[in-house]
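For reference, data-v8.csv is printed below; it contains CSV, C-alpha atoms.
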chain,number,residue,atom,x,y,z
R,246,MET,CA,-58.2,-53.8,-48.7
R,247,SER,CA,-59.2,-50.8,-50.9
R,248,ALA,CA,-59.5,-51.5,-54.6
R,249,GLY,CA,-57.8,-48.2,-55.3
R,250,VAL,CA,-54.6,-49.4,-56.9
R,251,TRP,CA,-56.3,-52.1,-58.9
R,252,ARG,CA,-58.8,-49.9,-60.8
R,253,ASP,CA,-56.8,-50.3,-64.0
R,254,VAL,CA,-56.5,-54.1,-63.8
R,255,VAL,CA,-59.7,-54.7,-65.8
R,256,GLY,CA,-61.6,-58.0,-65.6
R,257,GLN,CA,-58.9,-59.9,-63.6
R,258,PRO,CA,-60.5,-60.8,-60.2
R,259,ALA,CA,-58.5,-63.9,-59.6
R,260,ALA,CA,-55.2,-62.2,-60.3
R,261,VAL,CA,-56.1,-59.2,-58.1
R,262,GLU,CA,-57.0,-61.5,-55.2
R,263,GLU,CA,-53.7,-63.4,-55.5
R,264,LEU,CA,-51.6,-60.2,-55.7
R,265,SER,CA,-53.5,-58.5,-52.9
R,266,THR,CA,-52.9,-61.5,-50.6
R,267,ALA,CA,-49.2,-61.5,-51.5
R,268,ALA,CA,-48.9,-57.7,-50.8
R,269,SER,CA,-50.5,-58.0,-47.4
R,270,THR,CA,-49.1,-61.5,-46.3
R,271,PRO,CA,-45.3,-61.8,-46.0
R,272,SER,CA,-45.4,-65.6,-46.2
R,273,ALA,CA,-47.1,-65.4,-49.6
R,274,MET,CA,-44.5,-63.1,-51.0
R,275,THR,CA,-41.6,-64.1,-53.4
R,276,HIS,CA,-38.8,-62.1,-55.0
R,277,ALA,CA,-39.7,-62.6,-58.7
R,278,TRP,CA,-43.0,-62.5,-60.5
R,279,LEU,CA,-44.0,-63.1,-64.2
R,280,PHE,CA,-47.2,-61.5,-65.5
R,281,THR,CA,-48.4,-63.3,-68.6
R,282,GLY,CA,-51.4,-62.7,-70.8
R,283,PRO,CA,-52.6,-61.7,-74.3
R,284,PRO,CA,-52.0,-58.1,-75.6
R,285,GLY,CA,-54.4,-55.7,-73.8
R,286,SER,CA,-54.9,-58.0,-70.8
R,287,GLY,CA,-53.3,-55.4,-68.5
R,288,ARG,CA,-49.9,-57.1,-67.7
R,289,SER,CA,-48.1,-53.8,-67.0
R,290,ASN,CA,-51.1,-52.3,-65.2
R,291,ALA,CA,-51.2,-55.4,-62.9
R,292,ALA,CA,-47.4,-55.2,-62.2
R,293,ARG,CA,-47.6,-51.4,-61.5
R,294,ALA,CA,-50.6,-51.9,-59.1
R,295,PHE,CA,-48.8,-54.7,-57.4
R,296,ALA,CA,-45.7,-52.5,-56.9
R,297,ALA,CA,-47.9,-49.8,-55.4
R,298,ALA,CA,-49.5,-52.3,-53.0
R,299,LEU,CA,-46.1,-53.5,-51.9
R,300,GLN,CA,-44.9,-50.0,-51.1
R,301,CYS,CA,-48.2,-48.9,-49.5
R,302,PRO,CA,-48.3,-49.1,-45.7
R,303,THR,CA,-51.8,-50.5,-45.8
R,304,GLY,CA,-51.4,-52.8,-48.8
R,305,GLY,CA,-52.7,-50.7,-51.7
R,306,CYS,CA,-55.1,-47.9,-50.5
R,307,GLY,CA,-54.7,-45.9,-53.7
R,308,GLU,CA,-54.6,-42.6,-51.8
R,309,CYS,CA,-51.3,-42.4,-49.9
R,310,PRO,CA,-48.1,-40.8,-51.3
R,311,ALA,CA,-46.5,-44.2,-51.9
R,312,CYS,CA,-49.5,-45.4,-54.1
R,313,HIS,CA,-49.6,-42.1,-56.0
R,314,THR,CA,-45.9,-42.0,-56.8
R,315,VAL,CA,-45.7,-45.6,-57.9
R,316,LEU,CA,-48.7,-45.3,-60.2
R,317,ALA,CA,-47.3,-42.0,-61.5
R,318,GLY,CA,-43.9,-43.5,-62.2
R,319,THR,CA,-42.0,-41.2,-59.8
R,320,HIS,CA,-41.3,-43.5,-56.7
R,321,ALA,CA,-37.7,-43.5,-55.8
R,322,ASP,CA,-37.6,-47.3,-55.2
R,323,VAL,CA,-39.6,-48.4,-58.2
R,324,ARG,CA,-38.0,-48.5,-61.7
R,325,GLU,CA,-39.9,-49.4,-64.8
R,326,VAL,CA,-38.3,-50.5,-68.0
R,327,VAL,CA,-40.4,-49.7,-71.0
R,328,PRO,CA,-38.4,-50.5,-74.1
R,329,GLU,CA,-38.9,-48.0,-76.9
R,330,GLY,CA,-36.6,-49.7,-79.4
R,331,LEU,CA,-36.5,-53.2,-80.7
R,332,SER,CA,-34.9,-54.8,-77.7
R,333,ILE,CA,-33.5,-54.3,-74.2
R,334,SER,CA,-29.7,-54.3,-74.3
R,335,VAL,CA,-27.3,-56.1,-71.9
R,336,ALA,CA,-25.7,-52.8,-70.8
R,337,GLU,CA,-29.1,-51.3,-69.9
R,338,MET,CA,-30.1,-54.4,-67.9
R,339,ARG,CA,-26.8,-54.6,-66.0
R,340,ASN,CA,-27.2,-51.0,-65.0
R,341,LEU,CA,-30.8,-51.6,-63.8
R,342,VAL,CA,-29.9,-54.7,-61.9
R,343,GLN,CA,-27.1,-52.8,-60.1
R,344,LEU,CA,-29.6,-50.1,-59.1
R,345,ALA,CA,-32.2,-52.7,-58.0
R,346,ALA,CA,-29.7,-54.4,-55.7
R,347,ARG,CA,-29.5,-51.2,-53.5
R,348,ARG,CA,-31.4,-51.0,-50.3
R,349,PRO,CA,-34.7,-49.1,-50.6
R,350,SER,CA,-34.5,-45.4,-49.6
R,351,THR,CA,-38.2,-44.7,-48.7
R,352,GLY,CA,-40.3,-47.8,-49.4
R,353,ALA,CA,-40.3,-51.4,-48.1
R,354,TRP,CA,-38.9,-52.8,-51.4
R,355,GLN,CA,-36.6,-52.0,-54.3
R,356,ILE,CA,-38.8,-53.0,-57.3
R,357,LEU,CA,-37.8,-53.4,-60.9
R,358,ILE,CA,-40.7,-53.7,-63.5
R,359,ILE,CA,-39.8,-55.0,-67.0
R,360,THR,CA,-42.9,-54.4,-69.1
R,361,ASP,CA,-41.7,-56.3,-72.2
R,362,ALA,CA,-39.5,-59.1,-70.9
R,363,ASP,CA,-39.8,-60.8,-74.3
R,364,ARG,CA,-37.6,-58.1,-75.8
R,365,LEU,CA,-34.6,-59.0,-73.7
R,366,THR,CA,-31.6,-59.9,-75.7
R,367,GLU,CA,-29.7,-63.1,-74.8
R,368,GLY,CA,-27.1,-61.1,-72.9
R,369,ALA,CA,-29.7,-59.0,-71.1
R,370,ALA,CA,-31.6,-62.2,-70.1
R,371,ASN,CA,-28.4,-63.7,-68.7
R,372,ALA,CA,-27.7,-60.5,-66.7
R,373,LEU,CA,-31.2,-60.6,-65.3
R,374,LEU,CA,-30.9,-64.3,-64.5
R,375,LYS,CA,-27.9,-63.7,-62.3
R,376,ALA,CA,-29.8,-61.1,-60.3
R,377,VAL,CA,-33.0,-63.3,-60.0
R,378,GLU,CA,-30.9,-66.3,-58.9
R,379,GLU,CA,-29.4,-64.4,-56.0
R,380,PRO,CA,-31.6,-61.3,-55.3
R,381,ALA,CA,-31.0,-58.8,-52.5
R,382,ASP,CA,-33.3,-59.3,-49.5
R,383,GLN,CA,-35.5,-56.4,-50.3
R,384,THR,CA,-35.5,-56.5,-54.1
R,385,VAL,CA,-38.5,-57.6,-56.2
R,386,PHE,CA,-38.5,-58.3,-60.0
R,387,LEU,CA,-41.8,-57.9,-61.8
R,388,LEU,CA,-41.6,-59.2,-65.4
R,389,CYS,CA,-44.4,-58.9,-68.1
R,390,ALA,CA,-44.5,-61.1,-71.2
R,391,PRO,CA,-47.2,-62.5,-73.6
R,392,SER,CA,-46.6,-66.0,-72.2
R,393,ASP,CA,-44.3,-68.2,-70.2
R,394,HIS,CA,-43.1,-70.0,-73.4
R,395,PRO,CA,-39.3,-70.2,-73.8
R,396,GLU,CA,-39.6,-68.0,-76.9
R,397,ASP,CA,-40.9,-65.2,-74.7
R,398,VAL,CA,-39.1,-65.8,-71.4
R,399,PRO,CA,-36.2,-68.2,-71.1
R,400,ILE,CA,-37.1,-71.2,-69.0
R,401,THR,CA,-34.2,-70.5,-66.6
R,402,ILE,CA,-35.8,-67.2,-65.6
R,403,ARG,CA,-39.4,-68.5,-65.7
R,404,SER,CA,-38.5,-71.3,-63.3
R,405,ARG,CA,-37.5,-68.8,-60.7
R,406,CYS,CA,-40.7,-66.7,-61.0
R,407,ARG,CA,-44.2,-67.0,-59.7
R,408,VAL,CA,-46.5,-66.8,-62.7
R,409,VAL,CA,-49.6,-64.7,-62.7
R,410,ALA,CA,-51.7,-65.6,-65.8
R,411,LEU,CA,-54.1,-62.9,-67.0
R,412,ARG,CA,-56.9,-63.4,-69.4
R,413,THR,CA,-58.6,-61.3,-72.1
R,414,PRO,CA,-61.2,-59.0,-70.3
R,415,ALA,CA,-64.8,-59.2,-71.4
R,416,PRO,CA,-66.2,-56.3,-73.5
R,417,GLU,CA,-68.6,-55.4,-70.7
R,418,ALA,CA,-65.7,-54.9,-68.3
R,419,ILE,CA,-63.8,-52.8,-70.8
R,420,ALA,CA,-66.8,-50.6,-71.5
R,421,GLU,CA,-67.5,-50.1,-67.8
R,422,VAL,CA,-63.9,-48.9,-67.1
R,423,LEU,CA,-64.0,-46.6,-70.1
R,424,VAL,CA,-67.2,-45.0,-68.8
R,425,GLU,CA,-66.2,-44.8,-65.1
R,426,ARG,CA,-62.5,-43.9,-65.4
R,427,ASP,CA,-62.2,-42.1,-68.7
R,428,GLY,CA,-65.6,-40.4,-68.9
R,429,ILE,CA,-66.5,-41.8,-72.3
R,430,GLU,CA,-70.1,-41.8,-73.4
R,431,PRO,CA,-71.7,-45.3,-72.7
R,432,GLU,CA,-72.7,-46.0,-76.3
R,433,GLN,CA,-69.2,-45.0,-77.6
R,434,ALA,CA,-67.6,-47.1,-74.9
R,435,ARG,CA,-69.7,-50.2,-75.7
R,436,TRP,CA,-68.8,-49.9,-79.4
R,437,ALA,CA,-65.1,-49.5,-78.7
R,438,ALA,CA,-65.1,-52.4,-76.3
R,439,SER,CA,-66.9,-54.6,-78.8
R,440,VAL,CA,-64.3,-54.1,-81.6
R,441,SER,CA,-61.1,-53.9,-79.5
R,442,GLY,CA,-60.5,-57.6,-79.3
R,443,GLY,CA,-60.3,-57.5,-75.6
R,444,HIS,CA,-57.5,-54.8,-75.6
R,445,VAL,CA,-58.2,-52.1,-73.1
R,446,GLY,CA,-55.7,-49.6,-74.5
R,447,ARG,CA,-56.9,-50.1,-78.0
R,448,ALA,CA,-60.5,-49.6,-76.9
R,449,ARG,CA,-59.6,-46.4,-75.2
R,450,ARG,CA,-57.7,-45.2,-78.3
R,451,LEU,CA,-60.6,-46.0,-80.6
R,452,ALA,CA,-63.1,-44.3,-78.3
R,453,ARG,CA,-61.1,-41.1,-78.1
R,454,ASP,CA,-59.1,-40.7,-81.3
R,455,PRO,CA,-61.0,-40.1,-84.6
R,456,GLU,CA,-57.8,-40.7,-86.6
R,457,ALA,CA,-57.6,-44.2,-85.0
R,458,ARG,CA,-61.1,-44.9,-86.1
R,459,GLU,CA,-60.4,-43.7,-89.6
R,460,ARG,CA,-57.3,-45.9,-89.9
R,461,ARG,CA,-59.4,-48.9,-88.8
R,462,GLU,CA,-62.1,-48.1,-91.3
R,463,ARG,CA,-59.5,-47.9,-94.1
R,464,VAL,CA,-57.9,-51.2,-93.2
R,465,LEU,CA,-61.2,-53.1,-92.8
R,466,GLY,CA,-62.3,-51.8,-96.2
R,467,VAL,CA,-59.3,-53.5,-98.0
R,468,PRO,CA,-60.5,-57.2,-98.2
R,469,LEU,CA,-63.5,-56.6,-100.4
R,470,ARG,CA,-61.7,-54.1,-102.6
R,471,LEU,CA,-58.8,-56.3,-103.5
R,472,ARG,CA,-60.0,-57.2,-107.0
R,473,HIS,CA,-56.8,-57.0,-109.2
R,474,LEU,CA,-53.1,-57.4,-108.6
R,475,GLY,CA,-52.5,-53.7,-109.0
R,476,ASP,CA,-54.9,-53.2,-106.0
R,477,ALA,CA,-52.6,-55.3,-103.9
R,478,PHE,CA,-49.5,-53.1,-104.5
R,479,ALA,CA,-51.6,-49.9,-104.1
R,480,PHE,CA,-53.0,-51.0,-100.8
R,481,ALA,CA,-49.7,-52.2,-99.6
R,482,ASP,CA,-48.1,-48.9,-100.4
R,483,ALA,CA,-50.9,-47.0,-98.6
R,484,LEU,CA,-50.6,-49.2,-95.5
R,485,VAL,CA,-46.8,-48.8,-95.2
R,486,ARG,CA,-47.0,-45.1,-95.9
R,487,SER,CA,-49.7,-44.7,-93.2
R,488,ALA,CA,-47.5,-46.6,-90.7
R,489,GLU,CA,-44.5,-44.4,-91.6
R,490,ALA,CA,-46.6,-41.2,-91.2
R,491,GLU,CA,-47.9,-42.3,-87.8
R,492,ALA,CA,-44.4,-43.1,-86.6
R,493,ALA,CA,-43.1,-39.7,-87.9
R,494,ASP,CA,-45.9,-38.0,-86.0
R,495,VAL,CA,-45.1,-39.8,-82.8
R,496,SER,CA,-41.3,-39.4,-83.0
R,497,GLY,CA,-40.8,-36.2,-84.9
R,498,ALA,CA,-41.2,-33.6,-82.1
R,499,ARG,CA,-39.6,-35.8,-79.5
R,500,ASP,CA,-36.5,-36.5,-81.6
R,501,ALA,CA,-36.0,-32.8,-82.2
R,502,ALA,CA,-36.4,-32.0,-78.5
R,503,GLU,CA,-33.9,-34.7,-77.6
R,504,ARG,CA,-31.3,-33.4,-80.1
R,505,GLU,CA,-31.7,-29.9,-78.8
R,506,GLU,CA,-31.3,-31.0,-75.2
R,507,LEU,CA,-28.2,-33.0,-76.1
R,508,ALA,CA,-26.7,-30.0,-77.9
R,509,VAL,CA,-27.2,-27.8,-74.9
R,510,ALA,CA,-25.8,-30.5,-72.5
R,511,MET,CA,-22.7,-30.8,-74.6
R,512,GLY,CA,-22.1,-27.1,-74.7
R,513,ALA,CA,-23.0,-26.3,-78.3
R,514,GLY,CA,-21.6,-22.9,-79.4
R,515,GLY,CA,-19.1,-22.8,-76.6
R,516,THR,CA,-15.5,-21.5,-76.9
R,517,GLY,CA,-12.4,-21.9,-75.0
R,518,LYS,CA,-9.8,-24.7,-74.3
R,519,GLY,CA,-12.3,-27.4,-73.7
R,520,ALA,CA,-14.5,-26.7,-76.7
R,521,ALA,CA,-12.7,-29.0,-79.1
R,522,ALA,CA,-12.8,-32.0,-76.7
R,523,ALA,CA,-16.5,-31.3,-75.9
R,524,ALA,CA,-17.2,-31.3,-79.7
R,525,ARG,CA,-15.6,-34.7,-80.1
R,526,GLY,CA,-17.7,-36.1,-77.2
R,527,ALA,CA,-20.8,-34.5,-78.6
R,528,LYS,CA,-20.3,-36.3,-82.0
R,529,ALA,CA,-20.2,-39.7,-80.2
R,530,ALA,CA,-23.3,-38.8,-78.1
R,531,GLU,CA,-25.1,-37.7,-81.3
R,532,ARG,CA,-24.4,-41.0,-83.0
R,533,GLU,CA,-25.7,-42.9,-80.0
R,534,LEU,CA,-28.8,-40.7,-79.8
R,535,GLU,CA,-29.5,-41.2,-83.6
R,536,ARG,CA,-29.1,-45.0,-83.1
R,537,ARG,CA,-31.7,-45.0,-80.3
R,538,GLN,CA,-34.1,-42.8,-82.2
R,539,LYS,CA,-33.9,-44.9,-85.3
R,540,SER,CA,-34.6,-48.1,-83.3
R,541,ARG,CA,-37.5,-46.3,-81.6
R,542,ASN,CA,-38.9,-45.1,-84.9
R,543,THR,CA,-38.7,-48.7,-86.3
R,544,ARG,CA,-40.5,-50.1,-83.4
R,545,THR,CA,-43.2,-47.4,-83.6
R,546,GLN,CA,-43.7,-48.1,-87.3
R,547,ARG,CA,-43.9,-51.9,-86.7
R,548,ASP,CA,-46.5,-51.4,-83.9
R,549,ALA,CA,-48.6,-49.3,-86.3
R,550,LEU,CA,-48.4,-52.0,-88.9
R,551,ASP,CA,-49.2,-54.7,-86.4
R,552,ARG,CA,-52.4,-52.9,-85.3
R,553,ALA,CA,-53.5,-52.9,-88.9
R,554,LEU,CA,-52.6,-56.6,-89.4
R,555,ILE,CA,-54.6,-57.5,-86.2
R,556,ASP,CA,-57.6,-55.7,-87.7
R,557,LEU,CA,-57.2,-57.7,-90.9
R,558,ALA,CA,-56.8,-61.0,-89.1
R,559,GLY,CA,-59.9,-60.2,-87.1
R,560,PHE,CA,-61.9,-59.6,-90.3
R,561,TYR,CA,-60.9,-62.9,-91.8
R,562,ARG,CA,-61.6,-64.7,-88.5
R,563,ASP,CA,-65.1,-63.2,-88.6
R,564,VAL,CA,-65.6,-64.4,-92.1
R,565,LEU,CA,-64.8,-68.0,-91.0
R,566,VAL,CA,-67.2,-67.6,-88.1
R,567,ALA,CA,-70.0,-66.3,-90.4
R,568,GLY,CA,-69.3,-69.0,-93.1
R,569,THR,CA,-69.5,-71.8,-90.6
R,570,ALA,CA,-72.6,-70.4,-88.9
R,571,ALA,CA,-70.8,-70.8,-85.6
R,572,VAL,CA,-72.6,-69.4,-82.5
R,573,VAL,CA,-69.7,-67.1,-81.7
R,574,ALA,CA,-69.7,-63.3,-81.4
R,575,LEU,CA,-68.1,-61.4,-84.2
R,576,GLY,CA,-65.0,-59.4,-83.4
R,577,ASN,CA,-66.1,-56.6,-85.7
R,578,PRO,CA,-69.9,-56.5,-85.3
R,579,ASP,CA,-70.0,-53.1,-87.0
R,580,ARG,CA,-68.8,-54.7,-90.3
R,581,GLU,CA,-71.2,-57.6,-90.3
R,582,SER,CA,-72.6,-56.8,-93.7
R,583,ASP,CA,-69.1,-56.9,-95.3
R,584,ILE,CA,-68.2,-60.0,-93.3
R,585,ARG,CA,-71.3,-61.9,-94.5
R,586,GLN,CA,-70.8,-60.8,-98.1
R,587,ALA,CA,-67.2,-62.2,-98.0
R,588,ALA,CA,-68.5,-65.4,-96.4
R,589,ARG,CA,-70.8,-65.9,-99.4
R,590,GLU,CA,-68.1,-65.1,-102.0
R,591,TRP,CA,-65.1,-67.0,-100.5
R,592,SER,CA,-64.7,-70.7,-99.5
R,593,ALA,CA,-63.6,-71.5,-96.0
R,594,GLU,CA,-60.3,-72.8,-97.5
R,595,SER,CA,-59.7,-69.5,-99.3
R,596,THR,CA,-60.5,-67.5,-96.2
R,597,LEU,CA,-58.1,-69.6,-94.1
R,598,ARG,CA,-55.3,-69.0,-96.6
R,599,ARG,CA,-55.9,-65.3,-96.4
R,600,LEU,CA,-55.8,-65.4,-92.6
R,601,GLU,CA,-52.6,-67.4,-92.7
R,602,ALA,CA,-51.1,-64.8,-95.1
R,603,VAL,CA,-51.8,-62.0,-92.5
R,604,LEU,CA,-50.2,-64.1,-89.7
R,605,ALA,CA,-47.2,-64.9,-91.9
R,606,CYS,CA,-46.7,-61.1,-92.5
R,607,ARG,CA,-46.7,-60.5,-88.7
R,608,GLU,CA,-44.1,-63.1,-88.3
R,609,ALA,CA,-42.0,-61.8,-91.2
R,610,LEU,CA,-42.0,-58.3,-89.6
R,611,GLU,CA,-40.8,-59.8,-86.3
R,612,LEU,CA,-37.9,-61.5,-88.2
R,613,ASN,CA,-36.9,-58.0,-89.6
R,614,VAL,CA,-38.1,-58.5,-93.1
R,615,LYS,CA,-38.5,-55.0,-94.7
R,616,PRO,CA,-42.1,-53.8,-94.1
R,617,ARG,CA,-42.8,-53.0,-97.7
R,618,ILE,CA,-41.7,-56.5,-99.0
R,619,ALA,CA,-43.7,-58.3,-96.2
R,620,VAL,CA,-46.9,-56.3,-96.8
R,621,GLU,CA,-46.7,-56.6,-100.6
R,622,ALA,CA,-46.4,-60.3,-100.3
R,623,MET,CA,-49.3,-60.4,-97.9
R,624,MET,CA,-51.5,-58.3,-100.1
R,625,THR,CA,-50.7,-60.4,-103.1
R,626,ALA,CA,-51.8,-63.5,-101.2
R,627,LEU,CA,-55.0,-61.8,-100.1
R,628,GLN,CA,-55.9,-60.8,-103.6
R,629,GLN,CA,-55.2,-64.3,-105.0
R,630,GLY,CA,-57.1,-66.0,-102.1

How would this structure read if it were set down as structure tokens?
Amino acid sequence: MSAGVWRDVVGQPAAVEELSTAASTPSAMTHAWLFTGPPGSGRSNAARAFAAALQCPTGGCGECPACHTVLAGTHADVREVVPEGLSISVAEMRNLVQLAARRPSTGAWQILIITDADRLTEGAANALLKAVEEPADQTVFLLCAPSDHPEDVPITIRSRCRVVALRTPAPEAIAEVLVERDGIEPEQARWAASVSGGHVGRARRLARDPEARERRERVLGVPLRLRHLGDAFAFADALVRSAEAEAADVSGARDAAEREELAVAMGAGGTGKGAAAAARGAKAAERELERRQKSRNTRTQRDALDRALIDLAGFYRDVLVAGTAAVVALGNPDRESDIRQAAREWSAESTLRRLEAVLACREALELNVKPRIAVEAMMTALQQG
């Protein structure tokens, strides 16, 4: 079998072999799959490549129309759910389940990919469970989640899925794919891979985007500059403002375009007998669009904050490594000087308290604590040690 559709599944040879066998051997196939693994391990890439292999007449050549359309997200029989807001609603899931139950129009299977199954609401999970329990003959569900723990995927759904566990890819594998696929200079690729924490998408962003590199530098400069309580509030404000600005940049143009499209679709500026009724309908549609845009903006802001918190957690982890003289590679080798300085100044207990403060902030954000409050509490704890 050609490796064409698997080129984005970085550093996962065992998983690729298992999925390749299932795509080409009917007896190895099942109707529901759960892809698990840490962030950046390529869960959605593996699910997308598997969908392409299932639709491909030769099991995943990477060259035929079926492979191209699945990987491009335009195949008529493959639907991919990429939640932009905080969760996947029950109404959205019911609609997708109904569509997935249809017979395939051009391919061998009707495939539904859910890239963040851990964001399913309870009602959405129940709607999906009914479909997974009694699937149509030619329907396949591909779910992606950080783990198969009940907090990520209900055990009722997990028990009906075949689990494919992915692992964190090695920096060498990430650097290789950045060079070969994305055309990034080898030295830049090796640096990005070494500081990405095994996250392929983050490595690509750091290698390509100067602003991403600048944000990382600002965040990693915080620990040694937190000298006074006032610093804690100043850095918290800067971090939250940076996340808000990043979310605004991502969402601003798209939000405006969506509002304009909706106005045109609802007949803005029209006259005649139906104009008043259309205007009333447009108001309801505008409110729903605003709700979705607000949810998406909140998720984008949280994701930006989370990336900064991961950088901070990685720094404190490295300080623990350096302080204990463990024979383990640093996650931020380009900050070794700062890391070793911190290891000399802080005790292991103090460093661990700081690391726990960062992790507590991540948890607070997931529990819908206001970002500014959560970040200020974290920065205060970091300053106090």

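Nearest residue to Ile358 (chain R), choosing from R:Val342, R:Val377, R:Ile429, R:Leu388 and counting only C-alpha atoms: R:Leu388.
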
Within 10 Å of (-54.3, -43.5, -92.6) (coordinates as in the file), grab all the protein and nucleic acid residues, counting all atoms listed in the file, and write them out as a list in words.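 Answer for this query, in the requested form: Glu456, Ala457, Arg458, Glu459, Arg460, Arg461, Glu462, Arg463, Val464, Ala483, Leu484, Val485, Arg486, Ser487, Ala488, Glu489, Ala490 and Glu491 of chain R.
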
What's the separation between CA of Ala452 (chain R) and CA of Gly559 (chain R), in Å to one decimal place?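 Computed distance, CA of Ala452 (chain R) to CA of Gly559 (chain R), equals 18.5 Å.
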
Atomic distance CA of Pro349 (chain R) - CA of Pro302 (chain R), expressed in Å with one decimal: 14.5 Å

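Coordinates place CA of Val440 (chain R) at a distance of 5.6 Å from CA of Gly576 (chain R).
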
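Counting only C-alpha atoms, the residue from R:Ala336, R:Ala317, R:Leu279, R:Val323 that sits nearest to Ile402 (chain R) is R:Leu279.
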
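Considering all atoms listed in the file, the residue among R:Ala558, R:Ala369, R:Ala292, R:Ile333 positioned nearest to Val315 (chain R) is R:Ala292.
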
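The nearest approach to Val326 (chain R) among the residues R:Glu378, R:Phe386, R:Asp583, R:Gly307, with all atoms listed in the file taken into account, belongs to R:Phe386.
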
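Among R:Glu421, R:Asp563, R:Asp454, R:Glu329, the residue with the shortest atom-to-atom distance to Ala434 (chain R), counting all atoms listed in the file, is R:Glu421.
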
Skipping near chain neighbours, those fewer than 6 positions away, what residues fall within 12 Å of Cys309 (chain R) using only C-alpha atoms, listed as a list of chain:residue names?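 What passes the distance filter is R:Ser247, R:Gly249, R:Val250, R:Ala297, R:Ala298, R:Gln300, R:Cys301, R:Pro302, R:Thr303, R:Val315, R:Leu316.
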
Take the residues just selected and output them with C-alpha atoms as a short mmCIF file (atom, residue, chain, number, x, y, z; two decimals), in the frame of the given file.
data_model
loop_
_atom_site.label_atom_id
_atom_site.label_comp_id
_atom_site.auth_asym_id
_atom_site.auth_seq_id
_atom_site.Cartn_x
_atom_site.Cartn_y
_atom_site.Cartn_z
CA SER R 247 -59.20 -50.80 -50.90
CA GLY R 249 -57.80 -48.20 -55.30
CA VAL R 250 -54.60 -49.40 -56.90
CA ALA R 297 -47.90 -49.80 -55.40
CA ALA R 298 -49.50 -52.30 -53.00
CA GLN R 300 -44.90 -50.00 -51.10
CA CYS R 301 -48.20 -48.90 -49.50
CA PRO R 302 -48.30 -49.10 -45.70
CA THR R 303 -51.80 -50.50 -45.80
CA VAL R 315 -45.70 -45.60 -57.90
CA LEU R 316 -48.70 -45.30 -60.20
#

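Residue neighbourhood of His320 (chain R), excluding near-sequence residues (fewer than 5 positions): Ala311, Cys312, His313, Thr314, Val315, Thr351 and Gly352 of chain R, at 9 Å, using only C-alpha atoms.
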
Of the candidates R:Val254, R:Cys389, R:Leu469, R:Val572, which one gets nearest to His444 (chain R) if we count only C-alpha atoms? R:Val254

Might you pull out every residue within 9 Å of Arg339 (chain R), with all atoms listed in the file counted and same-chain residues fewer than 5 positions away left off, and present them as a list in words? Ser334, Leu344, Ala369, Ala372 and Leu373 of chain R

So that I can see what lies close to region 590-599 of chain R, please list as a PyMOL selection string the residues with an atom at most 12 Å from it, counting only C-alpha atoms and leaving out residues fewer than 3 positions away in the same chain. chain R and resi 468-469+471+554+557-570+583-587+602-606+622-630

Do you know which residues are at most 9 Å from region 258-272 of chain R counting only C-alpha atoms, after dropping those on the same chain fewer than 3 positions away, and could you put them as a tab-separated table (two decimals) with C-alpha atoms, in the frame of the given file?
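Just written: selection.tsv:
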chain	number	residue	atom	x	y	z
R	246	MET	CA	-58.20	-53.80	-48.70
R	251	TRP	CA	-56.30	-52.10	-58.90
R	254	VAL	CA	-56.50	-54.10	-63.80
R	255	VAL	CA	-59.70	-54.70	-65.80
R	275	THR	CA	-41.60	-64.10	-53.40
R	291	ALA	CA	-51.20	-55.40	-62.90
R	295	PHE	CA	-48.80	-54.70	-57.40
R	296	ALA	CA	-45.70	-52.50	-56.90
R	298	ALA	CA	-49.50	-52.30	-53.00
R	299	LEU	CA	-46.10	-53.50	-51.90
R	300	GLN	CA	-44.90	-50.00	-51.10
R	301	CYS	CA	-48.20	-48.90	-49.50
R	303	THR	CA	-51.80	-50.50	-45.80
R	304	GLY	CA	-51.40	-52.80	-48.80
R	305	GLY	CA	-52.70	-50.70	-51.70
R	409	VAL	CA	-49.60	-64.70	-62.70
R	410	ALA	CA	-51.70	-65.60	-65.80
R	411	LEU	CA	-54.10	-62.90	-67.00

Just add N, CA, C and O atoms to region 560-564 of chain R and send it as an mmCIF file, in the frame of the given file.
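Result file result-v3.cif:
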data_model
loop_
_atom_site.group_PDB
_atom_site.id
_atom_site.type_symbol
_atom_site.label_atom_id
_atom_site.label_comp_id
_atom_site.auth_asym_id
_atom_site.auth_seq_id
_atom_site.Cartn_x
_atom_site.Cartn_y
_atom_site.Cartn_z
ATOM 1 N N PHE R 560 -60.863 -59.559 -89.210
ATOM 2 C CA PHE R 560 -61.900 -59.600 -90.300
ATOM 3 C C PHE R 560 -61.986 -61.002 -90.854
ATOM 4 O O PHE R 560 -63.090 -61.546 -91.010
ATOM 5 N N TYR R 561 -60.850 -61.605 -91.212
ATOM 6 C CA TYR R 561 -60.900 -62.900 -91.800
ATOM 7 C C TYR R 561 -61.365 -63.993 -90.815
ATOM 8 O O TYR R 561 -62.049 -64.948 -91.198
ATOM 9 N N ARG R 562 -61.041 -63.808 -89.561
ATOM 10 C CA ARG R 562 -61.600 -64.700 -88.500
ATOM 11 C C ARG R 562 -63.089 -64.624 -88.498
ATOM 12 O O ARG R 562 -63.793 -65.633 -88.414
ATOM 13 N N ASP R 563 -63.603 -63.405 -88.569
ATOM 14 C CA ASP R 563 -65.100 -63.200 -88.600
ATOM 15 C C ASP R 563 -65.718 -63.856 -89.780
ATOM 16 O O ASP R 563 -66.835 -64.384 -89.694
ATOM 17 N N VAL R 564 -65.032 -63.780 -90.933
ATOM 18 C CA VAL R 564 -65.600 -64.400 -92.100
ATOM 19 C C VAL R 564 -65.686 -65.921 -91.952
ATOM 20 O O VAL R 564 -66.683 -66.543 -92.350
#
